[in-house]
$ cat work38.pdb   # PDB, C-alpha atoms and all ligand atoms
ATOM      1  CA  MET N  14    -101.513-157.668 111.184  1.00  0.00           C
ATOM      2  CA  THR N  15    -101.254-156.990 107.467  1.00  0.00           C
ATOM      3  CA  VAL N  16     -97.935-156.478 105.751  1.00  0.00           C
ATOM      4  CA  LEU N  17     -97.025-155.450 102.277  1.00  0.00           C
ATOM      5  CA  THR N  18     -95.883-157.724  99.532  1.00  0.00           C
ATOM      6  CA  PRO N  19     -94.697-156.070  96.328  1.00  0.00           C
ATOM      7  CA  GLY N  20     -98.313-155.552  95.630  1.00  0.00           C
ATOM      8  CA  ARG N  21    -100.751-154.523  93.031  1.00  0.00           C
ATOM      9  CA  ASN N  22    -101.885-150.938  93.142  1.00  0.00           C
ATOM     10  CA  ILE N  23    -105.181-150.030  94.731  1.00  0.00           C
ATOM     11  CA  VAL N  24    -106.880-147.631  92.310  1.00  0.00           C
ATOM     12  CA  LEU N  25    -109.833-145.527  93.450  1.00  0.00           C
ATOM     13  CA  ILE N  26    -112.263-144.491  90.741  1.00  0.00           C
ATOM     14  CA  GLY N  27    -115.609-142.671  90.727  1.00  0.00           C
ATOM     15  CA  LEU N  28    -117.254-139.341  90.165  1.00  0.00           C
ATOM     16  CA  MET N  29    -116.078-135.992  91.536  1.00  0.00           C
ATOM     17  CA  GLY N  30    -116.998-135.788  95.214  1.00  0.00           C
ATOM     18  CA  ALA N  31    -116.858-139.552  95.703  1.00  0.00           C
ATOM     19  CA  GLY N  32    -113.991-139.110  98.177  1.00  0.00           C
ATOM     20  CA  LYS N  33    -111.200-140.745  96.144  1.00  0.00           C
ATOM     21  CA  THR N  34    -108.493-138.427  97.460  1.00  0.00           C
ATOM     22  CA  THR N  35    -109.655-138.300 101.077  1.00  0.00           C
ATOM     23  CA  VAL N  36    -110.258-142.045 101.318  1.00  0.00           C
ATOM     24  CA  GLY N  37    -107.119-142.827  99.313  1.00  0.00           C
ATOM     25  CA  ARG N  38    -104.939-140.901 101.752  1.00  0.00           C
ATOM     26  CA  ILE N  39    -106.412-142.787 104.706  1.00  0.00           C
ATOM     27  CA  VAL N  40    -105.969-146.187 103.028  1.00  0.00           C
ATOM     28  CA  ALA N  41    -102.387-145.339 102.036  1.00  0.00           C
ATOM     29  CA  ASP N  42    -101.602-144.146 105.532  1.00  0.00           C
ATOM     30  CA  ARG N  43    -103.016-147.282 107.135  1.00  0.00           C
ATOM     31  CA  LEU N  44    -101.051-149.521 104.771  1.00  0.00           C
ATOM     32  CA  GLY N  45     -97.864-147.499 104.865  1.00  0.00           C
ATOM     33  CA  ARG N  46     -98.083-147.165 101.094  1.00  0.00           C
ATOM     34  CA  PRO N  47     -97.463-144.086  98.970  1.00  0.00           C
ATOM     35  CA  PHE N  48    -100.517-142.173  97.781  1.00  0.00           C
ATOM     36  CA  VAL N  49    -100.663-140.581  94.354  1.00  0.00           C
ATOM     37  CA  ASP N  50    -103.441-138.633  92.646  1.00  0.00           C
ATOM     38  CA  THR N  51    -103.388-138.275  88.846  1.00  0.00           C
ATOM     39  CA  ASP N  52    -104.860-134.755  89.089  1.00  0.00           C
ATOM     40  CA  ASP N  53    -101.811-133.732  91.166  1.00  0.00           C
ATOM     41  CA  VAL N  54     -99.443-135.377  88.671  1.00  0.00           C
ATOM     42  CA  VAL N  55    -101.107-133.490  85.802  1.00  0.00           C
ATOM     43  CA  GLU N  56    -100.892-130.167  87.640  1.00  0.00           C
ATOM     44  CA  HIS N  57     -97.303-130.773  88.664  1.00  0.00           C
ATOM     45  CA  GLU N  58     -96.167-131.733  85.150  1.00  0.00           C
ATOM     46  CA  ALA N  59     -98.038-128.802  83.574  1.00  0.00           C
ATOM     47  CA  GLY N  60     -97.021-126.321  86.262  1.00  0.00           C
ATOM     48  CA  ARG N  61    -100.611-125.074  86.161  1.00  0.00           C
ATOM     49  CA  SER N  62    -103.948-125.792  87.794  1.00  0.00           C
ATOM     50  CA  ILE N  63    -106.557-128.023  86.144  1.00  0.00           C
ATOM     51  CA  PRO N  64    -108.914-125.063  85.507  1.00  0.00           C
ATOM     52  CA  ALA N  65    -105.991-123.250  83.795  1.00  0.00           C
ATOM     53  CA  ILE N  66    -105.256-126.328  81.632  1.00  0.00           C
ATOM     54  CA  PHE N  67    -108.929-126.591  80.599  1.00  0.00           C
ATOM     55  CA  ALA N  68    -109.002-122.862  79.827  1.00  0.00           C
ATOM     56  CA  GLU N  69    -105.824-122.909  77.746  1.00  0.00           C
ATOM     57  CA  GLU N  70    -105.850-126.376  76.140  1.00  0.00           C
ATOM     58  CA  GLY N  71    -109.474-127.413  76.390  1.00  0.00           C
ATOM     59  CA  GLU N  72    -110.698-130.731  77.746  1.00  0.00           C
ATOM     60  CA  ARG N  73    -108.774-132.539  74.997  1.00  0.00           C
ATOM     61  CA  GLY N  74    -105.496-131.086  76.203  1.00  0.00           C
ATOM     62  CA  PHE N  75    -106.335-132.089  79.757  1.00  0.00           C
ATOM     63  CA  ARG N  76    -107.245-135.662  78.720  1.00  0.00           C
ATOM     64  CA  ARG N  77    -103.938-136.018  76.864  1.00  0.00           C
ATOM     65  CA  ARG N  78    -102.069-134.936  79.954  1.00  0.00           C
ATOM     66  CA  GLU N  79    -104.209-137.198  82.119  1.00  0.00           C
ATOM     67  CA  ALA N  80    -103.379-140.223  79.920  1.00  0.00           C
ATOM     68  CA  THR N  81     -99.673-139.495  80.387  1.00  0.00           C
ATOM     69  CA  ALA N  82    -100.158-139.261  84.149  1.00  0.00           C
ATOM     70  CA  VAL N  83    -102.073-142.556  84.165  1.00  0.00           C
ATOM     71  CA  ARG N  84     -99.223-144.258  82.296  1.00  0.00           C
ATOM     72  CA  GLN N  85     -96.760-142.923  84.843  1.00  0.00           C
ATOM     73  CA  VAL N  86     -98.673-144.036  87.922  1.00  0.00           C
ATOM     74  CA  ALA N  87     -99.658-147.405  86.427  1.00  0.00           C
ATOM     75  CA  ALA N  88     -95.969-148.145  85.935  1.00  0.00           C
ATOM     76  CA  LEU N  89     -95.533-148.056  89.716  1.00  0.00           C
ATOM     77  CA  ARG N  90     -96.213-150.869  92.186  1.00  0.00           C
ATOM     78  CA  GLY N  91     -97.656-150.933  95.662  1.00  0.00           C
ATOM     79  CA  GLN N  92     -99.325-147.537  95.436  1.00  0.00           C
ATOM     80  CA  VAL N  93    -102.718-146.252  96.434  1.00  0.00           C
ATOM     81  CA  ILE N  94    -103.858-144.241  93.412  1.00  0.00           C
ATOM     82  CA  ALA N  95    -106.771-141.841  92.998  1.00  0.00           C
ATOM     83  CA  VAL N  96    -107.596-141.070  89.387  1.00  0.00           C
ATOM     84  CA  GLY N  97    -109.641-138.107  88.149  1.00  0.00           C
ATOM     85  CA  GLY N  98    -113.314-138.902  87.636  1.00  0.00           C
ATOM     86  CA  GLY N  99    -113.046-139.056  83.845  1.00  0.00           C
ATOM     87  CA  ALA N 100    -109.840-141.097  83.603  1.00  0.00           C
ATOM     88  CA  VAL N 101    -111.339-144.568  83.308  1.00  0.00           C
ATOM     89  CA  LEU N 102    -113.687-143.564  80.487  1.00  0.00           C
ATOM     90  CA  ASP N 103    -110.668-143.944  78.216  1.00  0.00           C
ATOM     91  CA  PRO N 104    -110.059-147.599  77.224  1.00  0.00           C
ATOM     92  CA  GLY N 105    -106.278-147.077  77.084  1.00  0.00           C
ATOM     93  CA  ASN N 106    -106.260-145.713  80.629  1.00  0.00           C
ATOM     94  CA  ARG N 107    -108.344-148.636  81.854  1.00  0.00           C
ATOM     95  CA  THR N 108    -105.958-151.131  80.297  1.00  0.00           C
ATOM     96  CA  GLN N 109    -102.936-149.442  81.878  1.00  0.00           C
ATOM     97  CA  LEU N 110    -104.489-149.291  85.319  1.00  0.00           C
ATOM     98  CA  ARG N 111    -105.775-152.847  85.183  1.00  0.00           C
ATOM     99  CA  MET N 112    -102.345-154.260  84.372  1.00  0.00           C
ATOM    100  CA  THR N 113    -100.860-153.290  87.721  1.00  0.00           C
ATOM    101  CA  GLY N 114    -103.823-152.587  89.941  1.00  0.00           C
ATOM    102  CA  ASP N 115    -107.325-153.358  91.110  1.00  0.00           C
ATOM    103  CA  MET N 116    -109.913-150.656  90.652  1.00  0.00           C
ATOM    104  CA  ILE N 117    -112.351-149.842  93.425  1.00  0.00           C
ATOM    105  CA  LEU N 118    -115.398-147.717  92.601  1.00  0.00           C
ATOM    106  CA  LEU N 119    -116.491-145.217  95.231  1.00  0.00           C
ATOM    107  CA  ASP N 120    -120.177-144.716  94.607  1.00  0.00           C
ATOM    108  CA  ALA N 121    -122.661-142.241  96.122  1.00  0.00           C
ATOM    109  CA  VAL N 122    -126.009-140.742  95.233  1.00  0.00           C
ATOM    110  CA  PRO N 123    -125.741-137.459  93.257  1.00  0.00           C
ATOM    111  CA  ALA N 124    -127.376-135.364  95.999  1.00  0.00           C
ATOM    112  CA  GLU N 125    -124.626-136.332  98.410  1.00  0.00           C
ATOM    113  CA  LEU N 126    -121.858-135.817  95.848  1.00  0.00           C
ATOM    114  CA  GLY N 127    -123.339-132.357  95.277  1.00  0.00           C
ATOM    115  CA  GLU N 128    -123.363-131.585  99.000  1.00  0.00           C
ATOM    116  CA  ARG N 129    -119.762-132.660  99.430  1.00  0.00           C
ATOM    117  CA  LEU N 130    -118.643-130.620  96.438  1.00  0.00           C
ATOM    118  CA  SER N 131    -120.466-127.482  97.535  1.00  0.00           C
ATOM    119  CA  ALA N 132    -118.862-127.859 100.956  1.00  0.00           C
ATOM    120  CA  GLU N 133    -115.367-128.118  99.500  1.00  0.00           C
ATOM    121  CA  GLY N 134    -116.017-125.695  96.633  1.00  0.00           C
ATOM    122  CA  ALA N 135    -116.743-127.018  93.136  1.00  0.00           C
ATOM    123  CA  GLY N 136    -114.626-124.176  91.686  1.00  0.00           C
ATOM    124  CA  GLU N 137    -111.657-126.424  90.961  1.00  0.00           C
ATOM    125  CA  ARG N 138    -113.747-128.628  88.630  1.00  0.00           C
ATOM    126  CA  PRO N 139    -114.150-127.141  85.159  1.00  0.00           C
ATOM    127  CA  LEU N 140    -116.881-129.644  84.285  1.00  0.00           C
ATOM    128  CA  LEU N 141    -119.034-128.134  87.036  1.00  0.00           C
ATOM    129  CA  GLU N 142    -118.184-124.501  86.374  1.00  0.00           C
ATOM    130  CA  GLY N 143    -121.091-122.097  86.543  1.00  0.00           C
ATOM    131  CA  GLU N 144    -123.465-124.944  87.364  1.00  0.00           C
ATOM    132  CA  ARG N 145    -126.207-123.857  89.726  1.00  0.00           C
ATOM    133  CA  ASP N 146    -127.847-127.249  90.082  1.00  0.00           C
ATOM    134  CA  LEU N 147    -124.862-129.401  91.005  1.00  0.00           C
ATOM    135  CA  THR N 148    -126.964-132.434  91.825  1.00  0.00           C
ATOM    136  CA  ALA N 149    -128.640-132.464  88.418  1.00  0.00           C
ATOM    137  CA  ARG N 150    -125.314-132.070  86.619  1.00  0.00           C
ATOM    138  CA  LEU N 151    -123.723-134.850  88.681  1.00  0.00           C
ATOM    139  CA  ALA N 152    -126.737-137.114  88.112  1.00  0.00           C
ATOM    140  CA  MET N 153    -126.339-136.597  84.370  1.00  0.00           C
ATOM    141  CA  LEU N 154    -122.600-137.333  84.459  1.00  0.00           C
ATOM    142  CA  LEU N 155    -123.138-140.396  86.618  1.00  0.00           C
ATOM    143  CA  ASP N 156    -125.822-141.641  84.297  1.00  0.00           C
ATOM    144  CA  ARG N 157    -123.407-141.371  81.356  1.00  0.00           C
ATOM    145  CA  ARG N 158    -120.473-142.891  83.173  1.00  0.00           C
ATOM    146  CA  ARG N 159    -121.917-145.513  85.473  1.00  0.00           C
ATOM    147  CA  GLY N 160    -121.611-148.348  82.961  1.00  0.00           C
ATOM    148  CA  GLU N 161    -117.886-147.730  82.416  1.00  0.00           C
ATOM    149  CA  TYR N 162    -117.252-147.259  86.124  1.00  0.00           C
ATOM    150  CA  GLU N 163    -118.940-150.527  86.995  1.00  0.00           C
ATOM    151  CA  ARG N 164    -117.238-152.476  84.222  1.00  0.00           C
ATOM    152  CA  ALA N 165    -113.830-151.203  85.303  1.00  0.00           C
ATOM    153  CA  ALA N 166    -114.331-151.891  88.997  1.00  0.00           C
ATOM    154  CA  ALA N 167    -113.232-155.061  90.738  1.00  0.00           C
ATOM    155  CA  TYR N 168    -115.105-153.897  93.823  1.00  0.00           C
ATOM    156  CA  VAL N 169    -117.775-151.264  94.511  1.00  0.00           C
ATOM    157  CA  VAL N 170    -118.193-149.370  97.782  1.00  0.00           C
ATOM    158  CA  ASP N 171    -121.353-147.371  98.430  1.00  0.00           C
ATOM    159  CA  THR N 172    -120.119-144.295 100.303  1.00  0.00           C
ATOM    160  CA  THR N 173    -123.537-142.650 100.730  1.00  0.00           C
ATOM    161  CA  GLY N 174    -123.974-141.451 104.311  1.00  0.00           C
ATOM    162  CA  ARG N 175    -120.613-142.855 105.385  1.00  0.00           C
ATOM    163  CA  SER N 176    -117.461-141.244 106.720  1.00  0.00           C
ATOM    164  CA  PRO N 177    -114.172-141.508 104.790  1.00  0.00           C
ATOM    165  CA  GLU N 178    -112.742-143.589 107.670  1.00  0.00           C
ATOM    166  CA  ASP N 179    -115.604-146.065 107.426  1.00  0.00           C
ATOM    167  CA  VAL N 180    -115.174-146.359 103.638  1.00  0.00           C
ATOM    168  CA  ALA N 181    -111.417-146.832 104.060  1.00  0.00           C
ATOM    169  CA  GLU N 182    -112.116-149.582 106.584  1.00  0.00           C
ATOM    170  CA  GLU N 183    -114.234-151.475 104.060  1.00  0.00           C
ATOM    171  CA  ILE N 184    -111.496-151.172 101.440  1.00  0.00           C
ATOM    172  CA  LEU N 185    -108.896-152.419 103.896  1.00  0.00           C
ATOM    173  CA  GLY N 186    -111.131-155.389 104.609  1.00  0.00           C
ATOM    174  CA  TRP N 187    -111.349-156.234 100.930  1.00  0.00           C
ATOM    175  CA  ALA N 188    -107.845-155.416  99.753  1.00  0.00           C
ATOM    176  CA  PRO N 189    -105.862-158.199 101.453  1.00  0.00           C
ATOM    177  CA  THR N 190    -107.112-160.916  99.191  1.00  0.00           C
ATOM    178  CA  ARG N 191    -106.849-158.859  96.032  1.00  0.00           C
ATOM    179  CA  ALA N 192    -104.131-156.263  96.167  1.00  0.00           C
ATOM    180  CA  GLY N 193    -101.050-158.165  97.163  1.00  0.00           C
ATOM    181  CA  LEU N 194    -101.633-157.741 100.856  1.00  0.00           C
ATOM    182  CA  LEU N 195    -101.528-160.792 103.036  1.00  0.00           C
ATOM    183  CA  ALA N 196    -102.042-161.363 106.712  1.00  0.00           C
ATOM    184  CA  ARG N 197     -98.710-162.255 108.278  1.00  0.00           C
ATOM    185  CA  ASP N 198     -99.710-165.876 108.843  1.00  0.00           C
ATOM    186  CA  GLU N 199    -100.687-166.227 105.173  1.00  0.00           C
ATOM    187  CA  ILE N 200     -97.302-165.277 103.788  1.00  0.00           C
ATOM    188  CA  PRO N 201     -95.675-168.233 102.121  1.00  0.00           C
ATOM    189  CA  LEU N 202     -92.293-169.076 103.663  1.00  0.00           C
TER     190      LEU N 202
HETATM  191  C1  LIG D 301    -112.924-134.748  86.125  1.00  0.00           C
HETATM  192  C2  LIG D 301    -112.661-134.942  87.465  1.00  0.00           C
HETATM  193  C3  LIG D 301    -111.638-134.187  88.205  1.00  0.00           C
HETATM  194  C4  LIG D 301    -110.544-133.688  87.255  1.00  0.00           C
HETATM  195  C5  LIG D 301    -111.143-132.935  86.123  1.00  0.00           C
HETATM  196  C6  LIG D 301    -112.152-133.779  85.297  1.00  0.00           C
HETATM  197  C7  LIG D 301    -113.973-135.571  85.469  1.00  0.00           C
HETATM  198  O1  LIG D 301    -111.038-135.015  89.191  1.00  0.00           O
HETATM  199  O2  LIG D 301    -109.786-134.761  86.779  1.00  0.00           O
HETATM  200  O3  LIG D 301    -111.764-131.771  86.628  1.00  0.00           O
HETATM  201  O4  LIG D 301    -113.981-135.670  84.238  1.00  0.00           O
HETATM  202  O5  LIG D 301    -114.798-136.169  86.193  1.00  0.00           O
HETATM  203  P1  LIG D 301    -111.799-135.500  90.557  1.00  0.00           P
HETATM  204  O6  LIG D 301    -112.677-136.646  90.202  1.00  0.00           O
HETATM  205  O7  LIG D 301    -110.659-135.904  91.439  1.00  0.00           O
HETATM  206  O8  LIG D 301    -112.546-134.326  91.080  1.00  0.00           O
END
$ encode --input "work38.pdb" --output "structure tokens"
Amino acid sequence: MTVLTPGRNIVLIGLMGAGKTTVGRIVADRLGRPFVDTDDVVEHEAGRSIPAIFAEEGERGFRRREATAVRQVAALRGQVIAVGGGAVLDPGNRTQLRMTGDMILLDAVPAELGERLSAEGAGERPLLEGERDLTARLAMLLDRRRGEYERAAAYVVDTTGRSPEDVAEEILGWAPTRAGLLARDEIPL
């Protein structure tokens, strides 16, 4: 039995298609913790979709909004947080997230990220817009970002060929020692 202490946030990072939102919801559900996604916070605050923000304010406008959303969610405790794939490339965002949470990198090979994104429709991701070879584009982005992702992460999960439930299970196995979760018999009296 695991119970919550006023814990550190669990922050899921990684490229588009890594499963941050799907896995994050499962982990949050299993822990009875709130789930929050910075992309949703950005859209809610802007009252517009991410493609609309990119179209009207450019990527710079989106990144400014994303940094505000990161500050908001990092101020919370005991949350499961999914951040947009580019969020942790910004040193300020990394610092904020690290203060209150542990970052977990969801990794996967580009071909599988591409398959998942074509299945769910890549249309909501401006960085992939009009891209015919999704796998090549994702491989290029991953190549550019991998170093930052790995430096930010306290733990890395390879999600290639695995179901979201299986990935969530691995995170739940790791989180107790790191994220303010303790087995009942480990709680100090
Ligand atoms: C982005 C990833 C997207 C979203 C935006 C930019 C990125 O989020 O924030 O389209 O730079 O990788 P997901 O990783 O949740 O798809």
$ closest_residue --input "work38.pdb" --among "N:Ala100, N:Leu25, N:Ala82, N:Ile39" --to "ligand LIG 301 (chain D)" --atoms "all atoms listed in the file"
N:Ala100
$ resolve_selection --input "work38.pdb" --expression "the PyMOL selection byres (((not hetatm)) within 7 of (chain D and resi 301))" --output "ChimeraX atom specification"
/N:27-30,33-34,52,63,96-100,137-140
$ write_last_selection --input "work38.pdb" --atoms "C-alpha atoms" --output "tab-separated table (two decimals), keeping the file's coordinate frame"
chain	number	residue	atom	x	y	z
N	27	GLY	CA	-115.61	-142.67	90.73
N	28	LEU	CA	-117.25	-139.34	90.16
N	29	MET	CA	-116.08	-135.99	91.54
N	30	GLY	CA	-117.00	-135.79	95.21
N	33	LYS	CA	-111.20	-140.74	96.14
N	34	THR	CA	-108.49	-138.43	97.46
N	52	ASP	CA	-104.86	-134.76	89.09
N	63	ILE	CA	-106.56	-128.02	86.14
N	96	VAL	CA	-107.60	-141.07	89.39
N	97	GLY	CA	-109.64	-138.11	88.15
N	98	GLY	CA	-113.31	-138.90	87.64
N	99	GLY	CA	-113.05	-139.06	83.84
N	100	ALA	CA	-109.84	-141.10	83.60
N	137	GLU	CA	-111.66	-126.42	90.96
N	138	ARG	CA	-113.75	-128.63	88.63
N	139	PRO	CA	-114.15	-127.14	85.16
N	140	LEU	CA	-116.88	-129.64	84.28
$ resolve_selection --input "work38.pdb" --expression "the PyMOL selection byres (((chain N and resi 162) around 8) and not hetatm)" --output "PyMOL selection string"
chain N and resi 26-27+101-102+118+158-161+163-166
$ closest_residue --input "work38.pdb" --among "N:Arg73, N:Gly32, N:Val86, N:Asn106" --to "Val54 (chain N)" --atoms "all atoms listed in the file"
N:Val86
$ resolve_selection --input "work38.pdb" --expression "the PyMOL selection byres (((chain N and resi 122-129) around 8) and not hetatm)" --output "list in words"
Met29, Gly30, Ala31, Asp120, Ala121, Leu130, Ser131, Ala132, Glu133, Leu147, Thr148, Ala149, Leu151, Ala152, Leu155, Thr173 and Gly174 of chain N
$ atom_distance --input "work38.pdb" --atom1 "CA of Ile66 (chain N)" --atom2 "CA of Leu154 (chain N)"
20.7 Å
$ residues_around --input "work38.pdb" --residues "Ser62 (chain N)" --least-positions-apart "5" --cutoff "9 Å" --atoms "all atoms listed in the file" --output "PyMOL selection string"
chain N and resi 53+55-57+67+137
$ write_last_selection --input "work38.pdb" --atoms "C-alpha atoms" --output "PDB file, in the frame of the given file"
ATOM      1  CA  ASP N  53    -101.811-133.732  91.166  1.00  0.00           C
ATOM      2  CA  VAL N  55    -101.107-133.490  85.802  1.00  0.00           C
ATOM      3  CA  GLU N  56    -100.892-130.167  87.640  1.00  0.00           C
ATOM      4  CA  HIS N  57     -97.303-130.773  88.664  1.00  0.00           C
ATOM      5  CA  PHE N  67    -108.929-126.591  80.599  1.00  0.00           C
ATOM      6  CA  GLU N 137    -111.657-126.424  90.961  1.00  0.00           C
TER       7      GLU N 137
END
$ residues_around --input "work38.pdb" --residues "Val180 (chain N)" --least-positions-apart "4" --cutoff "9 Å" --atoms "all atoms listed in the file" --output "PyMOL selection string"
chain N and resi 36+119+170-172+175-176+184-185
$ closest_residue --input "work38.pdb" --among "N:Asp115, N:Asp42, N:Glu58, N:Glu142" --to "Arg78 (chain N)" --atoms "all atoms listed in the file"
N:Glu58
$ atom_distance --input "work38.pdb" --atom1 "CA of Leu44 (chain N)" --atom2 "CA of Pro104 (chain N)"
29.0 Å
$ atom_distance --input "work38.pdb" --atom1 "CA of Gly37 (chain N)" --atom2 "CA of Ala59 (chain N)"
23.0 Å
$ residues_around --input "work38.pdb" --residues "Gln85 (chain N)" --least-positions-apart "3" --cutoff "10 Å" --atoms "only C-alpha atoms" --output "VMD selection string"
chain N and resid 51 54 79 to 82 88 to 89 109
$ axis_aligned_box --input "work38.pdb" --around "region 66-82 of chain N" --padding-each-side "5 Å" --output "lines of an AutoDock Vina configuration file"
center_x = -105.2
center_y = -131.5
center_z = 79.6
size_x = 21.0
size_y = 27.4
size_z = 19.2
$ closest_residue --input "work38.pdb" --among "N:Gly20, N:Pro64, N:Gly143, N:Gly91" --to "Ala41 (chain N)" --atoms "only C-alpha atoms"
N:Gly91
$ closest_residue --input "work38.pdb" --among "N:Arg90, N:Thr35, N:Glu178, N:Arg157" --to "Met112 (chain N)" --atoms "only C-alpha atoms"
N:Arg90
$ closest_residue --input "work38.pdb" --among "N:Asp103, N:Val40, N:Ile94, N:Val24" --to "Val169 (chain N)" --atoms "all atoms listed in the file"
N:Val24
